[in-house]
$ cat coords-v3.cif   # mmCIF, C-alpha atoms and all ligand atoms
data_structure
loop_
_atom_site.label_atom_id
_atom_site.label_comp_id
_atom_site.auth_asym_id
_atom_site.auth_seq_id
_atom_site.Cartn_x
_atom_site.Cartn_y
_atom_site.Cartn_z
CA MET Z 1 158.32 243.57 14.57
CA PHE Z 2 157.86 239.93 13.48
CA ASP Z 3 161.45 238.67 13.51
CA ILE Z 4 161.27 235.05 12.35
CA GLN Z 5 164.88 234.21 13.18
CA LYS Z 6 164.53 235.57 16.70
CA ILE Z 7 161.30 233.59 17.10
CA ARG Z 8 162.91 230.38 15.86
CA ASN Z 9 165.76 230.83 18.36
CA ASP Z 10 163.12 230.72 21.10
CA PHE Z 11 162.30 227.10 20.15
CA PRO Z 12 165.34 224.90 20.91
CA ILE Z 13 163.94 221.82 19.14
CA LEU Z 14 163.89 223.64 15.79
CA SER Z 15 167.68 223.50 15.62
CA ARG Z 16 167.92 219.70 15.84
CA THR Z 17 168.43 217.36 12.92
CA VAL Z 18 166.36 214.31 11.97
CA ASN Z 19 167.90 211.58 9.83
CA GLY Z 20 170.86 213.87 9.22
CA LYS Z 21 168.68 216.69 7.87
CA PRO Z 22 167.45 219.87 9.56
CA LEU Z 23 164.09 219.20 11.20
CA VAL Z 24 161.17 220.66 9.28
CA TYR Z 25 158.28 220.43 11.71
CA PHE Z 26 154.93 220.59 9.91
CA ASP Z 27 152.91 218.54 12.42
CA ASN Z 28 151.75 221.50 14.49
CA GLY Z 29 148.11 220.41 14.30
CA ALA Z 30 149.02 217.32 16.35
CA THR Z 31 151.07 219.24 18.88
CA ALA Z 32 153.04 222.47 18.78
CA GLN Z 33 156.66 222.98 19.86
CA LYS Z 34 157.47 224.79 23.10
CA PRO Z 35 159.34 228.07 23.44
CA LYS Z 36 162.11 228.49 26.05
CA ALA Z 37 159.70 230.64 28.06
CA VAL Z 38 157.54 227.54 28.66
CA ILE Z 39 160.45 225.12 29.16
CA ASP Z 40 162.04 227.53 31.66
CA THR Z 41 158.76 227.86 33.55
CA LEU Z 42 158.60 224.08 33.99
CA THR Z 43 162.28 223.85 35.00
CA HIS Z 44 161.86 226.72 37.46
CA TYR Z 45 158.79 225.04 38.95
CA TYR Z 46 160.60 221.74 39.60
CA THR Z 47 163.82 223.46 40.69
CA TYR Z 48 162.41 226.07 43.08
CA GLN Z 49 158.63 225.91 43.43
CA ASN Z 50 157.49 222.26 43.60
CA SER Z 51 154.74 221.99 46.15
CA ASN Z 52 151.02 221.16 46.23
CA ILE Z 53 148.41 223.86 45.85
CA HIS Z 54 145.37 225.01 47.82
CA ARG Z 55 145.97 222.94 50.92
CA GLY Z 56 149.22 224.12 52.46
CA VAL Z 57 149.95 227.00 54.81
CA HIS Z 58 153.70 226.94 54.21
CA THR Z 59 155.43 229.43 51.93
CA LEU Z 60 156.06 227.13 48.96
CA SER Z 61 152.44 226.03 48.87
CA ARG Z 62 151.14 229.58 49.18
CA GLU Z 63 153.50 230.80 46.44
CA ILE Z 64 152.50 228.12 43.94
CA THR Z 65 148.81 228.46 44.77
CA THR Z 66 149.09 232.14 43.88
CA ALA Z 67 150.96 231.31 40.65
CA TYR Z 68 148.35 228.69 39.67
CA GLU Z 69 145.43 231.03 40.30
CA GLU Z 70 147.27 233.80 38.43
CA ALA Z 71 147.55 231.37 35.51
CA ARG Z 72 143.78 230.88 35.63
CA LYS Z 73 143.39 234.66 35.43
CA THR Z 74 145.81 234.90 32.47
CA ILE Z 75 143.68 232.35 30.61
CA GLN Z 76 140.46 234.15 31.56
CA LEU Z 77 141.78 237.45 30.19
CA HIS Z 78 143.15 235.77 27.06
CA ILE Z 79 139.75 234.41 26.00
CA ASN Z 80 137.79 237.27 27.59
CA ALA Z 81 135.75 235.17 30.02
CA LYS Z 82 133.81 237.25 32.53
CA GLN Z 83 135.61 235.82 35.57
CA PRO Z 84 138.43 233.41 36.45
CA GLY Z 85 135.79 231.14 38.04
CA GLU Z 86 134.63 230.23 34.52
CA ILE Z 87 137.99 228.63 33.69
CA ILE Z 88 138.34 224.94 34.58
CA PHE Z 89 141.69 223.21 34.26
CA THR Z 90 141.35 219.80 32.59
CA ARG Z 91 143.73 217.35 30.90
CA GLY Z 92 142.92 218.69 27.45
CA THR Z 93 140.16 219.29 24.90
CA THR Z 94 139.04 215.67 25.07
CA GLU Z 95 138.54 215.76 28.80
CA SER Z 96 136.85 219.18 28.60
CA ILE Z 97 134.28 217.80 26.14
CA ASN Z 98 133.77 214.65 28.21
CA LEU Z 99 133.20 216.82 31.28
CA VAL Z 100 130.40 218.71 29.52
CA ALA Z 101 128.90 215.53 28.03
CA HIS Z 102 128.82 214.01 31.53
CA CYS Z 103 127.57 216.99 33.55
CA PHE Z 104 125.28 218.52 30.93
CA GLY Z 105 123.94 215.10 29.92
CA LYS Z 106 123.04 214.19 33.49
CA LEU Z 107 121.26 217.50 34.00
CA ASN Z 108 119.62 218.12 30.68
CA VAL Z 109 119.43 215.21 28.25
CA SER Z 110 116.67 212.60 28.31
CA GLU Z 111 114.94 210.18 25.95
CA GLY Z 112 114.04 211.73 22.59
CA ASP Z 113 116.23 214.83 23.06
CA GLU Z 114 118.69 215.78 20.35
CA ILE Z 115 122.36 216.74 20.19
CA LEU Z 116 123.68 218.36 17.03
CA ILE Z 117 127.31 218.05 15.87
CA THR Z 118 128.92 218.29 12.41
CA GLN Z 119 130.50 215.99 9.87
CA MET Z 120 133.91 217.64 10.25
CA GLU Z 121 134.39 216.95 13.98
CA HIS Z 122 137.42 215.34 15.59
CA HIS Z 123 136.53 212.00 17.22
CA SER Z 124 136.86 213.77 20.58
CA ASN Z 125 133.81 215.84 19.67
CA ILE Z 126 131.83 212.87 18.30
CA VAL Z 127 132.33 209.87 20.56
CA PRO Z 128 131.36 211.51 23.91
CA TRP Z 129 128.07 212.65 22.29
CA GLN Z 130 127.43 209.24 20.73
CA GLN Z 131 127.97 207.63 24.13
CA LEU Z 132 125.70 210.14 25.84
CA CYS Z 133 122.94 209.67 23.28
CA GLU Z 134 123.18 205.91 23.59
CA GLU Z 135 122.99 206.12 27.38
CA ARG Z 136 120.07 208.57 27.42
CA LYS Z 137 118.23 207.27 24.34
CA ALA Z 138 118.72 210.66 22.75
CA VAL Z 139 119.30 211.32 19.03
CA LEU Z 140 122.60 212.50 17.55
CA LYS Z 141 122.31 214.58 14.37
CA TYR Z 142 124.98 216.21 12.27
CA VAL Z 143 125.43 219.18 9.94
CA PRO Z 144 126.80 217.91 6.61
CA ILE Z 145 129.72 219.48 4.73
CA ASN Z 146 130.17 220.38 1.06
CA GLU Z 147 132.98 219.34 -1.29
CA GLU Z 148 135.01 222.46 -0.35
CA GLY Z 149 135.03 221.28 3.26
CA GLU Z 150 132.62 223.90 4.59
CA LEU Z 151 129.57 223.34 6.76
CA LYS Z 152 126.27 223.53 4.89
CA LEU Z 153 125.05 226.46 6.95
CA ASP Z 154 121.59 226.50 5.39
CA GLN Z 155 120.97 223.06 6.93
CA ILE Z 156 121.43 224.25 10.50
CA PRO Z 157 117.97 225.82 11.04
CA LEU Z 158 116.40 222.66 9.57
CA LEU Z 159 118.30 220.46 12.01
CA LEU Z 160 117.38 222.48 15.10
CA SER Z 161 114.18 221.98 17.06
CA ASN Z 162 112.84 222.41 20.56
CA LYS Z 163 114.32 218.98 21.25
CA THR Z 164 117.89 220.16 20.52
CA LYS Z 165 119.66 220.39 23.87
CA LEU Z 166 123.19 221.11 22.76
CA VAL Z 167 125.13 221.94 19.60
CA ALA Z 168 128.83 221.06 19.61
CA PHE Z 169 131.11 222.03 16.73
CA THR Z 170 134.68 222.84 15.95
CA HIS Z 171 136.02 226.37 15.54
CA ILE Z 172 138.64 225.19 13.03
CA SER Z 173 138.73 221.79 11.30
CA ASN Z 174 141.91 219.91 12.25
CA THR Z 175 141.99 218.10 8.90
CA LEU Z 176 140.84 220.74 6.42
CA GLY Z 177 141.78 223.98 8.18
CA THR Z 178 138.29 225.40 7.55
CA ILE Z 179 137.53 228.28 9.92
CA ASN Z 180 133.85 228.03 10.78
CA PRO Z 181 131.84 231.26 11.09
CA VAL Z 182 131.27 230.56 14.77
CA LYS Z 183 129.54 233.80 15.68
CA GLU Z 184 127.10 233.57 12.79
CA ILE Z 185 126.35 229.90 13.57
CA ILE Z 186 125.71 230.68 17.24
CA GLN Z 187 123.32 233.48 16.26
CA THR Z 188 121.42 230.99 14.06
CA ILE Z 189 121.30 228.47 16.90
CA ARG Z 190 120.06 231.11 19.35
CA SER Z 191 117.30 232.26 17.02
CA HIS Z 192 116.02 228.73 16.28
CA SER Z 193 116.42 226.89 19.60
CA CYS Z 194 117.27 227.04 23.28
CA ALA Z 195 120.25 224.73 22.78
CA ALA Z 196 123.51 225.26 24.64
CA VAL Z 197 126.61 225.66 22.46
CA LEU Z 198 130.01 224.02 22.89
CA ILE Z 199 132.92 225.09 20.71
CA ASP Z 200 135.90 222.80 20.21
CA GLY Z 201 138.71 225.34 20.04
CA ALA Z 202 141.61 222.85 19.96
CA GLN Z 203 142.80 223.96 16.50
CA ALA Z 204 141.75 227.58 16.81
CA VAL Z 205 143.79 228.78 19.79
CA PRO Z 206 147.21 228.46 18.12
CA HIS Z 207 145.99 230.78 15.32
CA LEU Z 208 143.60 233.25 16.92
CA LYS Z 209 142.44 234.73 20.19
CA PRO Z 210 138.86 233.65 20.85
CA ASP Z 211 136.53 236.06 22.62
CA VAL Z 212 134.02 233.84 24.40
CA GLN Z 213 131.75 236.73 25.40
CA GLU Z 214 131.60 238.07 21.86
CA LEU Z 215 130.94 234.58 20.48
CA ASP Z 216 128.34 233.99 23.20
CA CYS Z 217 129.12 230.27 23.48
CA ASP Z 218 128.24 228.33 26.62
CA PHE Z 219 131.41 226.22 26.55
CA TYR Z 220 134.79 226.57 24.85
CA ALA Z 221 137.35 223.74 25.04
CA PHE Z 222 141.05 223.69 24.16
CA SER Z 223 144.37 221.96 24.91
CA GLY Z 224 147.57 223.50 26.24
CA HIS Z 225 149.90 221.46 24.06
CA LYS Z 226 148.54 222.82 20.77
CA LEU Z 227 148.96 226.37 22.09
CA PHE Z 228 152.73 225.98 22.61
CA GLY Z 229 152.17 224.97 26.25
CA PRO Z 230 152.68 221.69 28.13
CA THR Z 231 150.88 218.43 27.40
CA GLY Z 232 148.41 217.10 29.94
CA VAL Z 233 146.68 220.39 30.60
CA GLY Z 234 143.64 221.88 28.91
CA ILE Z 235 140.85 224.33 29.51
CA LEU Z 236 137.13 224.24 29.68
CA TYR Z 237 135.50 227.65 29.65
CA ALA Z 238 131.92 227.37 30.92
CA LYS Z 239 129.45 230.17 31.58
CA SER Z 240 129.11 230.47 35.35
CA GLU Z 241 125.37 229.72 35.28
CA TRP Z 242 126.19 226.20 34.01
CA LEU Z 243 128.84 225.61 36.64
CA SER Z 244 126.45 226.42 39.45
CA LYS Z 245 123.88 223.96 38.00
CA PHE Z 246 126.28 221.12 37.18
CA GLY Z 247 126.98 218.30 39.61
CA PRO Z 248 130.64 217.24 39.89
CA TYR Z 249 132.43 215.34 37.09
CA GLN Z 250 134.95 213.31 39.05
CA THR Z 251 134.93 213.50 42.83
CA GLY Z 252 137.54 213.38 45.57
CA GLY Z 253 140.03 215.75 47.18
CA GLY Z 254 139.87 219.32 45.97
CA THR Z 255 136.22 219.21 44.89
CA ILE Z 256 134.67 219.48 48.31
CA LYS Z 257 133.62 222.02 50.92
CA THR Z 258 132.96 219.52 53.74
CA VAL Z 259 132.91 215.74 54.03
CA SER Z 260 131.37 213.67 56.80
CA MET Z 261 131.06 209.90 56.85
CA GLU Z 262 127.47 210.36 55.69
CA LYS Z 263 127.66 213.02 53.04
CA THR Z 264 129.66 215.57 51.02
CA GLU Z 265 129.06 219.21 50.34
CA PHE Z 266 130.83 220.25 47.15
CA ALA Z 267 132.96 223.34 46.50
CA GLU Z 268 131.62 226.06 44.26
CA GLY Z 269 133.15 227.27 40.99
CA PRO Z 270 135.89 225.51 39.03
CA LEU Z 271 137.32 223.62 42.03
CA LYS Z 272 134.24 221.41 42.04
CA PHE Z 273 135.45 220.07 38.67
CA GLU Z 274 139.16 219.75 39.45
CA ALA Z 275 139.42 216.52 41.42
CA GLY Z 276 142.76 215.55 42.93
CA THR Z 277 146.14 217.23 42.57
CA PRO Z 278 146.02 219.08 39.26
CA HIS Z 279 148.70 219.51 36.60
CA ILE Z 280 150.18 222.47 38.48
CA GLU Z 281 153.20 223.06 36.25
CA GLY Z 282 150.92 222.55 33.24
CA GLY Z 283 148.70 225.42 34.34
CA ILE Z 284 151.55 227.87 34.91
CA GLY Z 285 153.32 226.62 31.77
CA LEU Z 286 150.18 227.28 29.72
CA ALA Z 287 150.00 230.82 31.08
CA ALA Z 288 153.65 231.31 30.06
CA ALA Z 289 152.79 230.09 26.53
CA ILE Z 290 149.87 232.50 26.32
CA ASN Z 291 152.04 235.41 27.44
CA TYR Z 292 154.62 234.38 24.84
CA VAL Z 293 152.21 234.30 21.87
CA ASN Z 294 150.54 237.51 22.95
CA ALA Z 295 153.93 239.25 23.00
CA ILE Z 296 154.33 238.29 19.31
CA GLY Z 297 150.71 239.22 18.57
CA PHE Z 298 148.04 237.34 16.64
CA VAL Z 299 147.86 239.94 13.86
CA ASP Z 300 151.47 239.20 12.85
CA ILE Z 301 151.05 235.49 13.48
CA GLN Z 302 148.06 235.31 11.14
CA LYS Z 303 149.77 237.37 8.43
CA HIS Z 304 152.82 235.09 8.48
CA GLU Z 305 150.79 231.86 8.55
CA GLU Z 306 148.60 233.05 5.69
CA ASN Z 307 151.73 233.64 3.57
CA LEU Z 308 152.95 230.14 4.40
CA MET Z 309 149.61 228.58 3.53
CA HIS Z 310 149.25 230.39 0.19
CA TYR Z 311 152.84 229.69 -0.80
CA ALA Z 312 152.63 225.98 0.12
CA THR Z 313 149.28 225.59 -1.68
CA LYS Z 314 150.71 227.17 -4.83
CA ARG Z 315 153.85 225.04 -4.78
CA LEU Z 316 151.87 221.84 -4.11
CA THR Z 317 149.47 222.58 -6.95
CA GLU Z 318 152.40 223.04 -9.36
CA ILE Z 319 153.77 219.54 -8.66
CA GLY Z 320 150.91 217.58 -10.23
CA HIS Z 321 149.70 214.18 -8.93
CA ILE Z 322 148.31 216.04 -5.88
CA ARG Z 323 144.76 216.39 -4.64
CA ILE Z 324 144.16 218.96 -1.91
CA TYR Z 325 141.15 218.58 0.41
CA GLY Z 326 139.47 221.66 1.82
CA SER Z 327 139.34 224.90 -0.14
CA SER Z 328 137.26 227.14 2.07
CA LYS Z 329 137.80 230.88 1.62
CA HIS Z 330 138.24 231.01 5.39
CA LYS Z 331 141.06 228.65 6.08
CA THR Z 332 143.97 228.47 8.47
CA SER Z 333 147.48 227.17 7.79
CA VAL Z 334 146.59 223.49 7.42
CA ILE Z 335 146.81 221.63 4.11
CA ALA Z 336 145.43 218.11 3.73
CA PHE Z 337 146.36 216.41 0.48
CA ASN Z 338 147.07 213.09 -1.18
CA VAL Z 339 149.52 212.02 -3.81
CA ILE Z 340 147.25 210.37 -6.35
CA GLY Z 341 148.13 206.67 -6.50
CA ALA Z 342 150.15 206.59 -3.25
CA HIS Z 343 149.13 205.76 0.31
CA PRO Z 344 149.53 208.67 2.77
CA PHE Z 345 151.61 206.49 5.14
CA ASP Z 346 154.14 205.74 2.40
CA VAL Z 347 154.51 209.41 1.58
CA GLY Z 348 154.83 210.30 5.28
CA THR Z 349 157.50 207.64 5.84
CA LEU Z 350 159.56 208.86 2.87
CA LEU Z 351 159.28 212.51 3.90
CA ASP Z 352 160.61 211.58 7.34
CA LYS Z 353 163.83 210.37 5.67
CA TYR Z 354 164.33 213.99 4.60
CA GLY Z 355 163.68 215.33 8.11
CA ILE Z 356 160.14 216.46 7.28
CA ALA Z 357 157.56 215.79 10.02
CA ILE Z 358 154.05 215.74 8.60
CA ARG Z 359 151.05 213.67 9.68
CA SER Z 360 149.43 210.95 7.63
CA GLY Z 361 146.22 209.11 8.41
CA HIS Z 362 142.65 209.96 9.26
CA HIS Z 363 143.61 212.62 11.85
CA CYS Z 364 140.81 211.35 14.14
CA THR Z 365 138.22 212.49 11.60
CA GLN Z 366 137.08 209.21 10.08
CA PRO Z 367 133.57 210.49 9.17
CA LEU Z 368 135.25 213.29 7.19
CA CYS Z 369 137.45 210.77 5.35
CA GLN Z 370 134.33 208.67 4.66
CA PHE Z 371 132.76 211.78 3.08
CA TYR Z 372 135.73 212.09 0.68
CA ASN Z 373 135.90 208.30 0.35
CA ILE Z 374 139.59 208.12 1.29
CA PRO Z 375 141.49 206.21 4.00
CA GLY Z 376 143.23 209.39 5.08
CA THR Z 377 145.41 212.27 3.94
CA ILE Z 378 148.82 213.76 4.38
CA ARG Z 379 148.51 216.87 6.51
CA ALA Z 380 151.01 219.70 6.66
CA SER Z 381 150.10 222.13 9.43
CA PHE Z 382 152.16 225.28 9.91
CA ALA Z 383 152.89 227.42 12.95
CA PHE Z 384 154.25 230.96 13.12
CA TYR Z 385 157.84 229.65 13.50
CA ASN Z 386 157.77 227.88 10.12
CA THR Z 387 159.36 229.46 7.07
CA ILE Z 388 159.12 229.68 3.28
CA GLU Z 389 162.54 227.97 3.10
CA GLU Z 390 161.13 225.00 5.02
CA ILE Z 391 158.27 224.75 2.53
CA ASP Z 392 160.85 224.64 -0.28
CA LEU Z 393 162.63 221.75 1.48
CA PHE Z 394 159.29 219.99 1.92
CA ILE Z 395 158.37 220.39 -1.76
CA GLU Z 396 161.76 219.11 -2.93
CA ALA Z 397 161.46 216.08 -0.61
CA LEU Z 398 157.91 215.47 -1.78
CA LYS Z 399 158.98 215.54 -5.43
CA LYS Z 400 161.69 212.95 -4.70
CA SER Z 401 159.18 210.81 -2.77
CA ILE Z 402 156.70 210.94 -5.66
CA ARG Z 403 159.40 209.93 -8.14
CA PHE Z 404 160.22 206.97 -5.90
CA LEU Z 405 156.59 205.91 -5.37
CA LEU Z 406 154.98 206.37 -8.79
N1 LIG Z 501 139.48 218.56 18.75
C1 LIG Z 501 140.25 218.86 17.70
C2 LIG Z 501 139.68 219.71 16.60
C3 LIG Z 501 141.56 218.40 17.63
O1 LIG Z 501 142.33 218.69 16.59
C4 LIG Z 501 142.05 217.59 18.70
C5 LIG Z 501 143.41 217.03 18.64
O2 LIG Z 501 144.01 216.88 17.60
C6 LIG Z 501 141.21 217.33 19.78
C7 LIG Z 501 139.94 217.82 19.77
C8 LIG Z 501 141.68 216.51 20.94
O3 LIG Z 501 142.68 217.20 21.63
P1 LIG Z 501 143.47 216.52 22.82
O4 LIG Z 501 144.01 215.23 22.28
O5 LIG Z 501 144.53 217.50 23.16
O6 LIG Z 501 142.48 216.30 23.91
#

$ encode --input "coords-v3.cif" --output "C-alpha cells"
Amino acid sequence: MFDIQKIRNDFPILSRTVNGKPLVYFDNGATAQKPKAVIDTLTHYYTYQNSNIHRGVHTLSREITTAYEEARKTIQLHINAKQPGEIIFTRGTTESINLVAHCFGKLNVSEGDEILITQMEHHSNIVPWQQLCEERKAVLKYVPINEEGELKLDQIPLLLSNKTKLVAFTHISNTLGTINPVKEIIQTIRSHSCAAVLIDGAQAVPHLKPDVQELDCDFYAFSGHKLFGPTGVGILYAKSEWLSKFGPYQTGGGTIKTVSMEKTEFAEGPLKFEAGTPHIEGGIGLAAAINYVNAIGFVDIQKHEENLMHYATKRLTEIGHIRIYGSSKHKTSVIAFNVIGAHPFDVGTLLDKYGIAIRSGHHCTQPLCQFYNIPGTIRASFAFYNTIEEIDLFIEALKKSIRFLL
C-alpha cells in the first residue's frame, strides 16, 4: 500500500524547516532527496566497509568489491540490460554522454556525417555533440518542437539520412515534463537509418523503470542523484557490441589488462571505461536507492505523481497571471510556468521566504527558452514523497508573492 506518511518518514530532510516554515521541496528535477536506506548505506560503508575495490586480496577489499559488483547487477536488472558488463559507472548523465561523444565520435564520426538531437535537450545533451561536430567537421541537426512542447515526430524521417551516425534525445524533458514516445521514435530511426541511438534518461528514472532491451536503444544515460541516490555517480548503459569496439575514454589504473613501458593492453567490458578509483559508496548507494523505489513500486509512484501534477496544474490555472509551458498529453510531474509580468528569479526568491524550494531560470535548456522567447521559467517538479497539502502551501505562497510583485 502507498503510505505517504510512512514514505515521508523515510526522508529525514523533509521534516526540517526553512525560514521558519516547513520545507516544501519542489526542486526534484534538479536533485532528489535521499531516503534513510541510502544515507545508512553510505554511513555503513564509511563506518565498516571503507576499502578500495578490485585490487586487494584482504577481506575488506574483497567484501566491498563484491558489494560494488552486486550494485552493478542491481542496476542491470533494474533497466533490463542483457548483462552487468553493459553497465558503466560514471559521474552522472553528463559524463555518460561525454563518454559516448568521445568514444563513438572517434570511431564513427567524420567530415560530413550528421548527428541528430532535439530542441528540448538539456545542455548536457547538446554541448558534447556540438563540440564533436566542430572537431570532426560533422553537422548537428535538431528535431523541432511544437507550442505544446512535443517533438514534431513527422520531421524525424526527413532529418535522417545515410549520413546520420547517431541520434541523441531525452526520454523526459527536464523543463516541460514531456514524456517522449521513445520506443516509437527508435523504430522510426531504425527504419530510416543505421544511426545509433542514445537516450538521456536523467529525468525519466525517478518516474519510470526503463527497459533498455524493449526500447532497443544503443545507449541510456542517467544520474544517481535524481534517482534518490548519491551525487557523483551515474550510469551509462551501452550495448556490449559498442563496448568491445570503443577505445578507452580516460585511461589509467583500473582500465588495463597489462602495462609495459612500451605499451598497454586494455581491460574488456565496463572496467575499460572506469579509470581510477571509482565512487564506490556512490555505486552501492545507488543500488540501495533502486531497491528502495522498487519496494514502493512505480505503478503507485506514477499514480501519486499524476494526482499531484493534475491538482497543481488546476490550482495554478485558477490563480490567473500564470502561463504554463508544456501541455503534452504524455507528461510527468513537472510544471514550468511564469507569472506574467514578473521575473522567475523574483518569484523564486519570494517563494523561498515561505519555505518553498522551486527552481527558476533556464534549467540548462536555453534553446527551449529561445523557442518560447523567454529568459526562463519557474519550475515545480514533484516526487512521490510530495503531497497535496504541500501544493496548497505553494499556491498560497505564490498568491502572496504575486500580490507583492504585481
Ligand atoms: N539531462 C537532463 C534531461 C537533465 O535534466 C540533467 C540535469 O538536470 C542532465 C542531463 C545532467 O545531469 P547531471 O548534472 O546529473 O550530469

$ residues_around --input "coords-v3.cif" --residues "Tyr220 of chain Z" --least-positions-apart "3" --cutoff "12 Å" --atoms "only C-alpha atoms" --output "PyMOL selection string"
chain Z and resi 76+79-81+86-88+92-94+96-97+99-100+125+167-171+182+196-205+210-213+215-217+223+234-239

$ residues_around --input "coords-v3.cif" --residues "Ile172 of chain Z" --least-positions-apart "3" --cutoff "12 Å" --atoms "all atoms listed in the file" --output "PyMOL selection string"
chain Z and resi 29+118+120-122+149-151+169+175-182+199-208+210+222+326+328+330-334

$ closest_residue --input "coords-v3.cif" --among "Z:Asp300, Z:Asp40, Z:Asp352, Z:Glu265" --to "Tyr385 of chain Z" --atoms "only C-alpha atoms"
Z:Asp300

$ residues_around --input "coords-v3.cif" --residues "Ile53 of chain Z" --least-positions-apart "6" --cutoff "10 Å" --atoms "all atoms listed in the file" --output "list in words"
Leu60, Ser61, Arg62, Glu63, Ile64, Thr65, Thr66, Ala67, Tyr68, Glu69, Gly254, Thr277, Pro278 and Ile280 of chain Z

$ atom_distance --input "coords-v3.cif" --atom1 "atom CA of Leu107 of chain Z" --atom2 "atom CA of Phe273 of chain Z"
15.2 Å

$ atom_distance --input "coords-v3.cif" --atom1 "atom CA of Val339 of chain Z" --atom2 "atom CA of Gly376 of chain Z"
11.2 Å

$ build_atoms --input "coords-v3.cif" --residues "segment 158-164 of chain Z" --atoms "all heavy atoms" --output "compact mmCIF listing (two decimals), keeping the file's coordinate frame"
# COMPACT_ATOMS: atom_id res chain seq x y z
N LEU Z 158 117.26 223.83 9.81
CA LEU Z 158 116.40 222.66 9.57
C LEU Z 158 116.70 221.53 10.56
O LEU Z 158 115.84 220.69 10.83
CB LEU Z 158 116.60 222.13 8.14
CG LEU Z 158 116.50 223.16 7.01
CD1 LEU Z 158 116.81 222.54 5.67
CD2 LEU Z 158 115.09 223.77 7.00
N LEU Z 159 117.91 221.54 11.09
CA LEU Z 159 118.30 220.46 12.01
C LEU Z 159 118.00 220.79 13.48
O LEU Z 159 118.14 219.95 14.35
CB LEU Z 159 119.79 220.16 11.83
CG LEU Z 159 120.14 219.45 10.53
CD1 LEU Z 159 121.61 219.63 10.18
CD2 LEU Z 159 119.80 217.96 10.64
N LEU Z 160 117.66 222.06 13.72
CA LEU Z 160 117.38 222.48 15.10
C LEU Z 160 115.89 222.35 15.40
O LEU Z 160 115.06 222.56 14.52
CB LEU Z 160 117.79 223.95 15.29
CG LEU Z 160 119.29 224.24 15.26
CD1 LEU Z 160 119.53 225.73 15.08
CD2 LEU Z 160 119.97 223.73 16.52
N SER Z 161 115.59 222.03 16.66
CA SER Z 161 114.18 221.98 17.06
C SER Z 161 114.12 222.24 18.56
O SER Z 161 115.16 222.43 19.20
CB SER Z 161 113.58 220.61 16.74
OG SER Z 161 114.05 219.67 17.69
N ASN Z 162 112.91 222.21 19.10
CA ASN Z 162 112.84 222.41 20.56
C ASN Z 162 113.36 221.20 21.33
O ASN Z 162 113.47 221.23 22.54
CB ASN Z 162 111.42 222.81 21.00
CG ASN Z 162 110.41 221.76 20.58
OD1 ASN Z 162 110.78 220.71 20.05
ND2 ASN Z 162 109.13 222.04 20.79
N LYS Z 163 113.72 220.14 20.58
CA LYS Z 163 114.32 218.98 21.25
C LYS Z 163 115.85 219.10 21.33
O LYS Z 163 116.51 218.32 22.00
CB LYS Z 163 113.99 217.70 20.47
CG LYS Z 163 112.53 217.29 20.55
CD LYS Z 163 112.41 215.94 19.88
CE LYS Z 163 110.99 215.61 19.54
NZ LYS Z 163 110.89 214.71 18.40
N THR Z 164 116.42 220.05 20.55
CA THR Z 164 117.89 220.16 20.52
C THR Z 164 118.38 220.73 21.85
O THR Z 164 118.06 221.87 22.19
CB THR Z 164 118.36 221.08 19.37
OG1 THR Z 164 117.59 220.78 18.21
CG2 THR Z 164 119.83 220.90 19.09
